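Asker: Input work_15.cif, format and content: mmCIF, C-alpha atoms.
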data_target
#
loop_
_atom_site.label_atom_id
_atom_site.label_comp_id
_atom_site.auth_asym_id
_atom_site.auth_seq_id
_atom_site.Cartn_x
_atom_site.Cartn_y
_atom_site.Cartn_z
CA MET A 1 0.00 0.00 0.00
CA LYS A 2 1.23 3.47 -0.89
CA THR A 3 2.14 5.93 1.83
CA ILE A 4 1.50 9.66 1.61
CA THR A 5 5.20 10.04 0.87
CA ASP A 6 4.80 7.69 -2.09
CA LEU A 7 1.90 9.76 -3.37
CA ARG A 8 3.94 12.95 -3.16
CA SER A 9 6.81 11.31 -4.98
CA ASP A 10 4.44 10.42 -7.83
CA ILE A 11 4.01 14.12 -8.52
CA GLY A 12 6.30 15.42 -11.23
CA GLU A 13 5.50 19.08 -10.79
CA ILE A 14 3.40 21.15 -8.42
CA LEU A 15 1.14 23.19 -10.66
CA LEU A 16 -0.72 25.10 -7.95
CA THR A 17 0.48 25.47 -4.40
CA GLU A 18 -1.82 25.41 -1.42
CA GLY A 19 -1.30 29.15 -1.03
CA GLN A 20 -2.16 29.89 -4.64
CA ILE A 21 -5.31 27.82 -4.39
CA GLN A 22 -6.47 29.43 -1.16
CA SER A 23 -5.82 32.90 -2.48
CA ARG A 24 -7.75 32.28 -5.68
CA VAL A 25 -10.63 30.59 -3.89
CA ALA A 26 -10.94 33.66 -1.68
CA GLU A 27 -11.15 35.85 -4.79
CA LEU A 28 -13.79 33.60 -6.29
CA GLY A 29 -15.75 33.71 -3.05
CA ALA A 30 -15.65 37.50 -3.07
CA SER A 31 -16.89 37.62 -6.67
CA VAL A 32 -19.73 35.22 -5.93
CA SER A 33 -20.65 37.17 -2.80
CA ALA A 34 -20.91 40.38 -4.81
CA ASP A 35 -22.83 38.83 -7.69
CA TYR A 36 -25.39 37.11 -5.48
CA ALA A 37 -26.10 39.94 -3.06
CA GLY A 38 -29.71 39.75 -1.93
CA ARG A 39 -30.37 36.51 -3.77
CA SER A 40 -31.10 33.00 -2.62
CA LEU A 41 -27.97 31.02 -3.43
CA THR A 42 -27.61 27.25 -3.52
CA LEU A 43 -24.22 25.69 -4.22
CA VAL A 44 -24.42 22.30 -5.90
CA SER A 45 -21.22 20.32 -5.77
CA VAL A 46 -20.44 17.23 -7.77
CA LEU A 47 -18.85 14.41 -5.82
CA LYS A 48 -16.21 13.42 -5.26
CA GLY A 49 -13.53 15.64 -6.73
CA SER A 50 -15.18 18.96 -5.86
CA LEU A 51 -15.36 18.36 -2.12
CA PRO A 52 -12.26 20.33 -1.02
CA PHE A 53 -13.08 23.19 -3.39
CA MET A 54 -16.68 23.28 -2.22
CA ALA A 55 -15.62 23.29 1.43
CA ASP A 56 -13.25 26.20 0.90
CA LEU A 57 -15.43 28.17 -1.50
CA MET A 58 -18.55 28.06 0.64
CA ARG A 59 -16.60 29.45 3.59
CA SER A 60 -15.28 32.28 1.46
CA ILE A 61 -18.75 33.41 0.39
CA ASP A 62 -20.07 36.12 2.64
CA ARG A 63 -23.76 35.45 1.99
CA PRO A 64 -26.41 33.12 3.36
CA LEU A 65 -26.41 30.00 1.21
CA ARG A 66 -27.51 26.41 1.04
CA ILE A 67 -25.45 23.53 -0.24
CA ASP A 68 -26.35 20.30 -1.92
CA LEU A 69 -24.38 17.40 -3.30
CA MET A 70 -24.76 15.26 -6.39
CA GLU A 71 -22.89 12.28 -7.70
CA VAL A 72 -23.08 10.91 -11.21
CA SER A 73 -21.56 7.77 -12.62
CA SER A 74 -18.52 8.23 -14.80
CA TYR A 75 -17.92 6.52 -18.11
CA GLY A 76 -15.88 3.39 -17.60
CA GLY A 77 -16.80 3.10 -13.96
CA ALA A 78 -17.99 -0.16 -12.50
CA THR A 79 -21.42 1.25 -11.77
CA THR A 80 -22.05 2.19 -15.38
CA GLU A 81 -21.43 -1.03 -17.24
CA SER A 82 -24.97 -2.34 -17.14
CA SER A 83 -26.87 0.53 -18.72
CA GLY A 84 -24.28 2.32 -20.84
CA LEU A 85 -25.87 5.57 -19.77
CA VAL A 86 -24.88 8.08 -17.14
CA ARG A 87 -26.71 7.57 -13.87
CA ILE A 88 -27.45 9.89 -10.98
CA LEU A 89 -25.88 8.08 -8.05
CA LYS A 90 -26.88 10.79 -5.60
CA ASP A 91 -29.55 13.31 -6.41
CA LEU A 92 -30.24 16.67 -4.81
CA SER A 93 -31.71 16.44 -1.32
CA SER A 94 -34.10 19.34 -1.84
CA SER A 95 -35.81 21.26 -4.59
CA ILE A 96 -33.93 24.01 -6.41
CA GLU A 97 -36.98 25.38 -8.18
CA GLY A 98 -36.83 29.15 -8.10
CA GLU A 99 -33.39 29.12 -6.50
CA ASP A 100 -30.22 30.71 -7.82
CA VAL A 101 -27.95 27.73 -8.30
CA LEU A 102 -24.20 27.71 -8.70
CA ILE A 103 -22.63 24.44 -9.81
CA VAL A 104 -19.26 23.94 -8.12
CA GLU A 105 -16.88 21.79 -10.16
CA ASP A 106 -13.32 20.75 -9.59
CA ILE A 107 -12.25 20.60 -13.22
CA ILE A 108 -13.80 20.99 -16.66
CA ASP A 109 -12.08 19.24 -19.53
CA THR A 110 -14.29 17.61 -22.15
CA GLY A 111 -17.38 19.26 -20.70
CA LEU A 112 -19.44 16.10 -21.20
CA THR A 113 -20.29 15.53 -17.54
CA LEU A 114 -21.04 19.19 -16.96
CA ASN A 115 -23.18 19.38 -20.07
CA TYR A 116 -25.23 16.47 -18.75
CA LEU A 117 -25.56 18.08 -15.31
CA VAL A 118 -26.58 21.45 -16.68
CA ARG A 119 -29.35 19.89 -18.73
CA TYR A 120 -30.46 17.83 -15.75
CA LEU A 121 -30.51 20.77 -13.35
CA ARG A 122 -32.23 23.08 -15.83
CA GLY A 123 -35.07 20.59 -15.81
CA LYS A 124 -35.56 21.37 -12.13
CA LYS A 125 -36.36 24.97 -13.00
CA PRO A 126 -33.93 27.02 -10.93
CA ALA A 127 -34.21 30.80 -11.15
CA SER A 128 -30.67 30.86 -12.50
CA LEU A 129 -27.93 28.35 -13.13
CA ARG A 130 -24.28 29.29 -13.26
CA ILE A 131 -21.02 27.39 -13.15
CA CYS A 132 -17.91 27.79 -11.03
CA THR A 133 -14.88 25.60 -11.60
CA LEU A 134 -11.56 25.58 -9.86
CA LEU A 135 -9.72 24.31 -12.93
CA ASP A 136 -10.41 24.72 -16.60
CA LYS A 137 -8.57 22.65 -19.19
CA PRO A 138 -9.82 24.16 -22.47
CA ALA A 139 -7.47 22.10 -24.63
CA ARG A 140 -9.59 19.05 -23.87
CA ARG A 141 -12.96 20.67 -24.49
CA LEU A 142 -15.28 18.62 -26.60
CA VAL A 143 -18.55 20.45 -26.01
CA GLU A 144 -18.66 24.17 -25.38
CA ILE A 145 -20.11 25.37 -22.12
CA ASP A 146 -20.21 28.89 -20.75
CA VAL A 147 -18.37 28.94 -17.44
CA ASP A 148 -19.02 31.90 -15.19
CA TYR A 149 -16.22 31.56 -12.65
CA ILE A 150 -12.86 29.97 -13.38
CA GLY A 151 -10.16 29.57 -10.76
CA PHE A 152 -7.26 28.60 -12.97
CA THR A 153 -6.86 27.75 -16.63
CA ILE A 154 -4.39 24.91 -16.72
CA PRO A 155 -2.32 23.27 -19.47
CA ASP A 156 -3.12 19.93 -21.00
CA GLN A 157 -1.62 17.73 -18.31
CA PHE A 158 -3.02 15.06 -16.03
CA VAL A 159 -3.38 16.65 -12.63
CA VAL A 160 -4.23 15.28 -9.21
CA GLY A 161 -4.63 16.64 -5.70
CA TYR A 162 -7.05 18.99 -3.93
CA GLY A 163 -9.87 16.56 -4.66
CA LEU A 164 -8.66 15.28 -8.02
CA ASP A 165 -7.76 11.63 -8.09
CA TYR A 166 -6.11 8.93 -10.06
CA GLY A 167 -7.45 5.53 -9.08
CA GLU A 168 -9.23 7.21 -6.12
CA LEU A 169 -5.88 8.29 -4.62
CA TYR A 170 -4.18 11.70 -4.33
CA ARG A 171 -7.40 13.54 -3.44
CA ASN A 172 -6.06 14.61 -0.04
CA LEU A 173 -2.98 16.38 -1.35
CA ARG A 174 -3.22 20.07 -0.50
CA PHE A 175 -1.84 21.17 -3.85
CA VAL A 176 -2.58 20.42 -7.48
CA GLY A 177 0.24 18.57 -9.19
CA VAL A 178 1.05 16.87 -12.44
CA LEU A 179 1.16 13.12 -12.11
CA ARG A 180 4.31 11.51 -13.46
CA PRO A 181 3.42 9.70 -16.69
CA GLU A 182 5.16 6.54 -15.51
CA VAL A 183 2.57 6.24 -12.74
CA TYR A 184 -0.26 5.69 -15.21
CA SER A 185 1.61 4.39 -18.22
CA SER A 186 2.90 1.27 -16.54
CA PRO A 187 1.19 -1.94 -17.77
CA GLU A 188 -2.23 -2.48 -16.25
CA MET B 1 -33.49 11.24 -30.75
CA ILE B 2 -32.49 13.49 -33.64
CA ASP B 3 -34.82 15.16 -36.08
CA PRO B 4 -33.53 14.32 -39.52
CA ALA B 5 -32.82 17.25 -41.78
CA PRO B 6 -31.01 17.48 -45.08
CA ASP B 7 -27.40 18.44 -44.78
CA ALA B 8 -26.89 22.05 -45.79
CA ALA B 9 -23.77 21.34 -47.80
CA THR B 10 -24.75 18.18 -49.63
CA GLY B 11 -28.49 17.84 -49.29
CA ALA B 12 -27.90 14.35 -47.96
CA MET B 13 -30.06 13.06 -45.16
CA PRO B 14 -28.18 12.41 -41.94
CA SER B 15 -28.29 9.01 -40.33
CA VAL B 16 -31.18 8.77 -37.93
CA GLY B 17 -31.07 6.97 -34.65
CA ASP B 18 -27.31 6.85 -34.38
CA SER B 19 -27.37 7.74 -30.75
CA ALA B 20 -30.14 5.34 -29.92
CA ALA B 21 -28.59 2.28 -31.45
CA PRO B 22 -24.80 2.51 -31.63
CA GLY B 23 -24.66 -1.27 -31.57
CA GLY B 24 -26.12 -1.33 -35.04
CA ARG B 25 -23.64 1.08 -36.56
CA SER B 26 -20.57 0.39 -38.61
CA PHE B 27 -17.39 2.18 -37.69
CA ALA B 28 -14.12 2.35 -39.54
CA HIS B 29 -12.05 2.43 -36.38
CA ALA B 30 -12.59 1.02 -32.91
CA SER B 31 -11.76 4.39 -31.37
CA GLU B 32 -14.75 5.85 -33.22
CA ALA B 33 -16.98 3.14 -31.75
CA GLU B 34 -15.64 3.98 -28.31
CA MET B 35 -16.29 7.67 -28.87
CA ALA B 36 -19.86 6.85 -29.90
CA ARG B 37 -20.35 4.96 -26.64
CA ILE B 38 -18.98 7.89 -24.65
CA LEU B 39 -21.28 10.35 -26.40
CA ASP B 40 -24.22 8.03 -25.83
CA PHE B 41 -23.28 7.66 -22.18
CA TYR B 42 -23.46 11.41 -21.64
CA GLY B 43 -26.58 11.83 -23.74
CA VAL B 44 -24.95 13.80 -26.53
CA ALA B 45 -26.73 13.26 -29.86
CA TRP B 46 -24.47 12.44 -32.81
CA HIS B 47 -24.45 11.46 -36.45
CA TYR B 48 -21.71 9.29 -37.89
CA GLU B 49 -20.14 10.65 -41.07
CA PRO B 50 -23.31 12.46 -42.17
CA THR B 51 -21.59 14.82 -44.56
CA THR B 52 -18.93 14.56 -47.23
CA PHE B 53 -17.34 17.88 -48.09
CA PRO B 54 -15.65 18.16 -51.50
CA ILE B 55 -12.30 19.88 -51.01
CA LEU B 56 -10.53 19.46 -54.36
CA TRP B 57 -11.77 19.42 -57.95
CA ASN B 58 -10.02 18.70 -61.25
CA LEU B 59 -10.20 20.96 -64.29
CA ASP B 60 -13.39 19.21 -65.40
CA GLY B 61 -15.04 20.16 -62.16
CA GLU B 62 -15.06 16.63 -60.81
CA VAL B 63 -14.43 16.10 -57.15
CA VAL B 64 -11.08 14.41 -56.67
CA GLU B 65 -10.74 14.79 -52.93
CA SER B 66 -13.26 15.07 -50.16
CA PHE B 67 -13.43 15.02 -46.41
CA SER B 68 -16.01 13.32 -44.21
CA PRO B 69 -15.71 14.26 -40.55
CA ASP B 70 -16.40 11.29 -38.32
CA PHE B 71 -19.09 12.78 -36.12
CA PHE B 72 -21.52 15.66 -36.15
CA LEU B 73 -22.92 16.83 -32.84
CA PRO B 74 -26.11 18.73 -33.76
CA GLU B 75 -26.63 20.16 -30.28
CA PHE B 76 -23.33 21.98 -30.59
CA ASP B 77 -23.26 22.41 -34.36
CA LEU B 78 -19.85 20.79 -34.22
CA TYR B 79 -18.05 18.27 -36.41
CA LEU B 80 -15.57 15.97 -34.76
CA GLU B 81 -12.78 14.25 -36.61
CA MET B 82 -10.85 11.57 -34.81
CA THR B 83 -7.37 10.54 -35.74
CA THR B 84 -5.63 8.00 -33.62
CA LEU B 85 -2.71 7.71 -35.98
CA LYS B 86 0.78 8.62 -34.86
CA GLN B 87 1.32 12.36 -34.81
CA SER B 88 3.92 12.07 -37.55
CA LEU B 89 1.26 10.70 -39.88
CA VAL B 90 -1.37 13.30 -39.16
CA ARG B 91 0.07 15.85 -41.58
CA LYS B 92 -2.17 14.76 -44.44
CA LYS B 93 -5.28 15.01 -42.32
CA ASN B 94 -4.24 18.43 -41.05
CA ARG B 95 -3.84 19.58 -44.63
CA LYS B 96 -7.34 18.39 -45.50
CA LEU B 97 -8.68 20.09 -42.42
CA ARG B 98 -7.04 23.39 -43.38
CA ARG B 99 -8.53 23.06 -46.85
CA LEU B 100 -11.95 22.34 -45.37
CA ARG B 101 -11.75 25.42 -43.18
CA GLU B 102 -10.73 27.57 -46.14
CA LEU B 103 -13.61 26.36 -48.27
CA TYR B 104 -16.24 26.12 -45.56
CA PRO B 105 -15.37 28.83 -43.03
CA ASP B 106 -18.70 28.50 -41.25
CA ILE B 107 -18.12 24.87 -40.38
CA ARG B 108 -17.10 24.24 -36.80
CA ILE B 109 -14.83 21.22 -36.57
CA LYS B 110 -12.55 19.85 -33.90
CA LEU B 111 -9.74 17.42 -34.61
CA PHE B 112 -9.39 14.83 -31.91
CA TYR B 113 -5.81 13.60 -31.92
CA ALA B 114 -4.39 10.36 -30.58
CA ARG B 115 -3.16 12.22 -27.52
CA ASP B 116 -6.66 13.56 -26.90
CA PHE B 117 -8.07 10.05 -27.10
CA ARG B 118 -5.39 8.71 -24.75
CA ALA B 119 -6.10 11.50 -22.27
CA MET B 120 -9.80 10.75 -22.38
CA MET B 121 -9.18 7.06 -21.83
CA LEU B 122 -6.83 7.86 -18.97
CA LYS B 123 -9.53 9.95 -17.37
CA TYR B 124 -11.97 7.08 -17.66
CA GLY B 125 -9.43 4.54 -16.39
CA ARG B 126 -9.16 2.86 -19.78
CA LEU B 127 -5.65 3.71 -20.84
CA GLY B 128 -5.03 0.08 -21.75
CA LEU B 129 -7.93 0.26 -24.14
CA ALA B 130 -6.49 3.40 -25.72
CA ARG B 131 -3.28 1.51 -26.44
CA SER B 132 -5.12 -1.30 -28.16
CA LEU B 133 -7.28 1.05 -30.20
CA SER B 134 -4.63 3.52 -31.32
CA GLY B 135 -3.26 3.80 -34.82
CA ALA B 136 -3.55 1.21 -37.52
CA SER B 137 -4.00 -1.58 -35.00
CA GLY B 138 -7.33 -0.06 -34.01
CA GLN B 139 -8.91 -0.46 -37.42
CA LEU B 140 -11.78 -2.88 -37.58
CA VAL B 141 -11.39 -5.53 -40.23
CA GLY B 142 -13.95 -8.23 -40.54
CA GLY B 143 -14.91 -8.05 -36.93
CA ALA B 144 -11.48 -7.90 -35.42
CA LEU B 145 -8.85 -5.32 -34.66
CA LEU B 146 -6.10 -5.17 -37.24
CA GLY B 147 -3.50 -5.17 -34.48
CA GLU B 148 -4.92 -8.39 -33.09
CA LEU B 149 -4.94 -10.01 -36.52
CA ALA B 150 -1.27 -9.17 -36.95
CA MET B 151 -0.50 -11.33 -33.95
CA THR B 152 -2.63 -14.24 -35.13
CA PRO B 153 -0.70 -17.30 -36.37
CA THR B 154 -0.92 -17.76 -40.10
CA SER B 155 -4.02 -19.61 -41.18
CA ALA B 156 -6.37 -19.76 -44.13
CA SER B 157 -8.88 -17.48 -42.48
CA PRO B 158 -7.54 -15.87 -39.32
CA MET B 159 -10.36 -13.33 -39.25
CA ALA B 160 -13.00 -15.99 -38.96
CA ALA B 161 -11.29 -17.45 -35.94
CA MET B 162 -10.78 -14.16 -34.17
CA PRO B 163 -13.11 -13.19 -31.37
CA ASP B 164 -14.19 -9.57 -31.46
CA PRO B 165 -12.12 -7.94 -28.72
CA ILE B 166 -14.40 -4.92 -28.68
CA ALA B 167 -17.44 -7.04 -28.04
CA SER B 168 -16.03 -8.08 -24.71
CA LEU B 169 -15.87 -4.46 -23.56
CA THR B 170 -19.42 -3.34 -24.15
CA ALA B 171 -22.13 -3.96 -26.68
CA ALA B 172 -20.16 -3.57 -29.86
CA PRO B 173 -21.13 -1.77 -33.03
CA THR B 174 -21.23 -3.87 -36.14
CA PRO B 175 -17.56 -4.08 -36.97
CA SER B 176 -17.37 -3.56 -40.66
CA ARG B 177 -15.99 -0.93 -42.95
CA ARG B 178 -18.57 1.40 -44.38
CA ARG B 179 -17.94 3.52 -47.43
CA ARG B 180 -20.32 5.43 -49.54
CA SER B 181 -20.33 4.57 -53.20
CA GLY B 182 -18.38 7.00 -55.32
CA ARG B 183 -16.71 8.48 -52.30
CA PRO B 184 -12.91 8.52 -52.21
CA ALA B 185 -11.20 6.57 -49.50
CA GLU B 186 -10.68 8.75 -46.46
CA ARG B 187 -8.95 6.61 -43.93
CA GLU B 188 -5.22 6.58 -43.82
CA THR B 189 -3.55 3.36 -42.89
CA ALA B 190 -0.50 4.12 -40.84
#
Kindly transcribe the structure held in the file into C-alpha cells.
Answerer:
Amino acid sequence: MKTITDLRSDIGEILLTEGQIQSRVAELGASVSADYAGRSLTLVSVLKGSLPFMADLMRSIDRPLRIDLMEVSSYGGATTESSGLVRILKDLSSSIEGEDVLIVEDIIDTGLTLNYLVRYLRGKKPASLRICTLLDKPARRLVEIDVDYIGFTIPDQFVVGYGLDYGELYRNLRFVGVLRPEVYSSPE
Amino acid sequence: MIDPAPDAATGAMPSVGDSAAPGGRSFAHASEAEMARILDFYGVAWHYEPTTFPILWNLDGEVVESFSPDFFLPEFDLYLEMTTLKQSLVRKKNRKLRRLRELYPDIRIKLFYARDFRAMMLKYGRLGLARSLSGASGQLVGGALLGELAMTPTSASPMAAMPDPIASLTAAPTPSRRRRSGRPAERETA
C-alpha cells in the first residue's frame, strides 16, 4: 500500500500550491458574494472531486447559502457497465426550483459531464444556473459550455490533488500537481 | 433522438437513430466506436459521417478529394474528426482540415488527436484500451482489430477465428468498414 510520501513522490510538478489555491478561492468567493447579493444562493457540488473546493469556496462566500451534493456515474466506472448511460448516483436532497444555483466543479475538460448536469438541473427549473470551476482545461474541451467563474486555466496535463484523483488516490494532497506519466503508463 | 434534416452542404439526409442504437452502426475504427459509446453515455446526440465535403476538384469540375468528418454533434453544431494515428502521420489530415476550413469557413470542426483520445481514456481509467485502439491496430477488419490479426498465427482465415475484442468491452457496433459509393477513401492506414 502506498504511503502519503509515495503519493507525493508520484508528482512530477506542483502546478498550484496550497497558497495559490487558497488565495484564488478567496477571490472567487468574493466575486460570488458580490454577484449574489440579496439573492437565494444554492451551491451544488459534484462528488467526489469537488469536495475540497466546495468546502473552501462556501466558507469564502459572505452570503447566506444552502449547499447540496450530487454524484453521477462516470464513463468506464464499474457502476455504469450495465446501462451504458450516465446515472445519478446521488440526487439533490431538496428542490432548487426558483433558486439561484451555482454548480461547483473541480475541473472541466471535455465538458461532457457538466453538459449532462446542466441539462439535468435546468429541468428542475432554478431561477438561474451558473457554473464555477476551480480548474479549466480548455485544450480538452469537446462540447462548449459557458463557465461563469474559473479559478485557474491549466495546461493539458493530467493533474491530481485537492480533490482530483487517479485511481481514487491523491485527493487529499493540498496542492494540485502533475502526475508523473510513468505512474499511469505502466502496464495495467 | 435526432430530427432528420437534409445536410446544408450536400443535401444528404443524416443518419437517424445513431445515438439510440450505436450497436447497429458500422465504424471504420474502434476508437470511433468507443467515442460513440462515450457520447451516448453522456446523452450527446451524434451522427456518424453524415456529410462529405468536397475539397478538391479537377479541371473538369469533378471532385477528386473530399473530407467526411467522423461525427456531427447537432446540439453543438460541431463536427468531430478523430485521428488516432501517430502524430507524424497526421500531416495529411491536417492539410485536408485546413482546406476544409478555407472552403467552408462557417463549419465548426474539432480534430481529436491520438493524444486527446489517450487523455480521455486515462480519465476514464481505460488507458489500456487506448493503447489497443490507437493507430492502424485499431482499425476494424472483418470483426477484429487489425493489431490483433497481426498477432494471429498464419491460417487460411484468421479473421474468422478471431473473437471480437471490442465485443467483450461493451455492446459492440457492427464491426465492418462502411464507405459510400463513389466516395474517395478517407482513412489513412499508418
Asker: At a cut-off of 9 Å, which residues of chain B touch chain A? Count only C-alpha atoms and give the answer as a list of chain:residue names.
Answerer: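 Here is what falls inside 9 Å: B:Arg37, B:Ile38, B:Leu39, B:Asp40, B:Phe41, B:Tyr42, B:Gly43, B:Val44, B:Leu73, B:Phe76, B:Leu78, B:Leu80, B:Lys110, B:Phe112, B:Asp116, B:Ala119, B:Met120, B:Met121, B:Leu122, B:Lys123, B:Tyr124, B:Gly125, B:Arg126, B:Leu127, B:Gly128, B:Thr170, B:Ala171.
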Asker: Take the PyMOL selection byres ((chain A and resi 48) around 10), run it mentally on this structure, and tell me the resulting residues as a ChimeraX atom specification.
Answerer: /A:45-47,49-52,69-72,105-106,163-165,168,171
Asker: Carefully work through the PyMOL selection byres ((chain A and resi 136) around 9) for this structure and note down the residues it includes, as a ChimeraX atom specification.
Answerer: /A:106-109,133-135,137-139,150-155
Asker: If we count all atoms listed in the file and set the cut-off at 10 Å, which residues sit around Asp62 (chain A), ignoring sequence neighbours fewer than 3 positions away in its own chain? Please answer as a VMD selection string.
Answerer: chain A and resid 29 to 34 36 to 37 58 to 59 65
Asker: Tell me, in Å to one decimal, how far CA of Leu43 (chain A) is from CA of Ala26 (chain A).
Answerer: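 Answer for the CA of Leu43 (chain A) to CA of Ala26 (chain A) separation: 15.7 Å.
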Asker: Using all atoms listed in the file for the distances, tell me which of A:Val104, A:Leu89, A:Val25, A:Ile96 is nearest to Ile61 (chain A).
Answerer: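 Distance minimum relative to Ile61 (chain A) lands on A:Val25.
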Asker: So, with only C-alpha atoms as the atoms that count, which of B:Tyr48, B:Leu111, B:Glu34, B:Tyr79 lies closest to Arg98 (chain B)?
Answerer: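 Looking at the shortest contact to Arg98 (chain B), the residue is B:Leu111.
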Asker: Mind pulling up the distance from CA of Leu57 (chain A) to CA of Val178 (chain A)?
Answerer: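 Spanning CA of Val178 (chain A) to CA of Leu57 (chain A) is a straight-line distance of 22.8 Å.
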Asker: Fewer than 2 positions away in the same chain doesn't count, so skip those; otherwise give me all residues within 10 Å of Lys124 (chain A), counting only C-alpha atoms, as a list in words.
Answerer: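 Once the nearby chain positions are removed, what remains is Ser95, Ile96, Glu97, Gly98, Glu99, Arg119, Tyr120, Leu121, Arg122, Pro126 and Ala127 of chain A.
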Asker: Rounded to one decimal, what separation in Å do you get between CA of Asp77 (chain B) and CA of Arg99 (chain B)?
Answerer: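 Atom-to-atom, CA of Asp77 (chain B) to CA of Arg99 (chain B), that is 19.3 Å.
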Asker: Considering all atoms listed in the file, can you say which of B:Glu75, B:Met82, B:Leu97, B:Asp60 comes closest to Ala28 (chain B)?
Answerer: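 So, comparing all the options, the nearest one is B:Met82.
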Asker: Excluding Asp148 (chain A) and its own-chain neighbours fewer than 4 positions away, which residues fall within 10 Å of it when counting only C-alpha atoms? Please give them as JSON, numbers by chain.
Answerer: {"A": [32, 102, 103, 129, 130, 131, 132, 133]}
Asker: Find the residue from A:Asp35, A:Asp100, A:Glu18, A:Asp6 that sits nearest to Ile67 (chain A); use all atoms listed in the file when measuring.
Answerer: A:Asp100
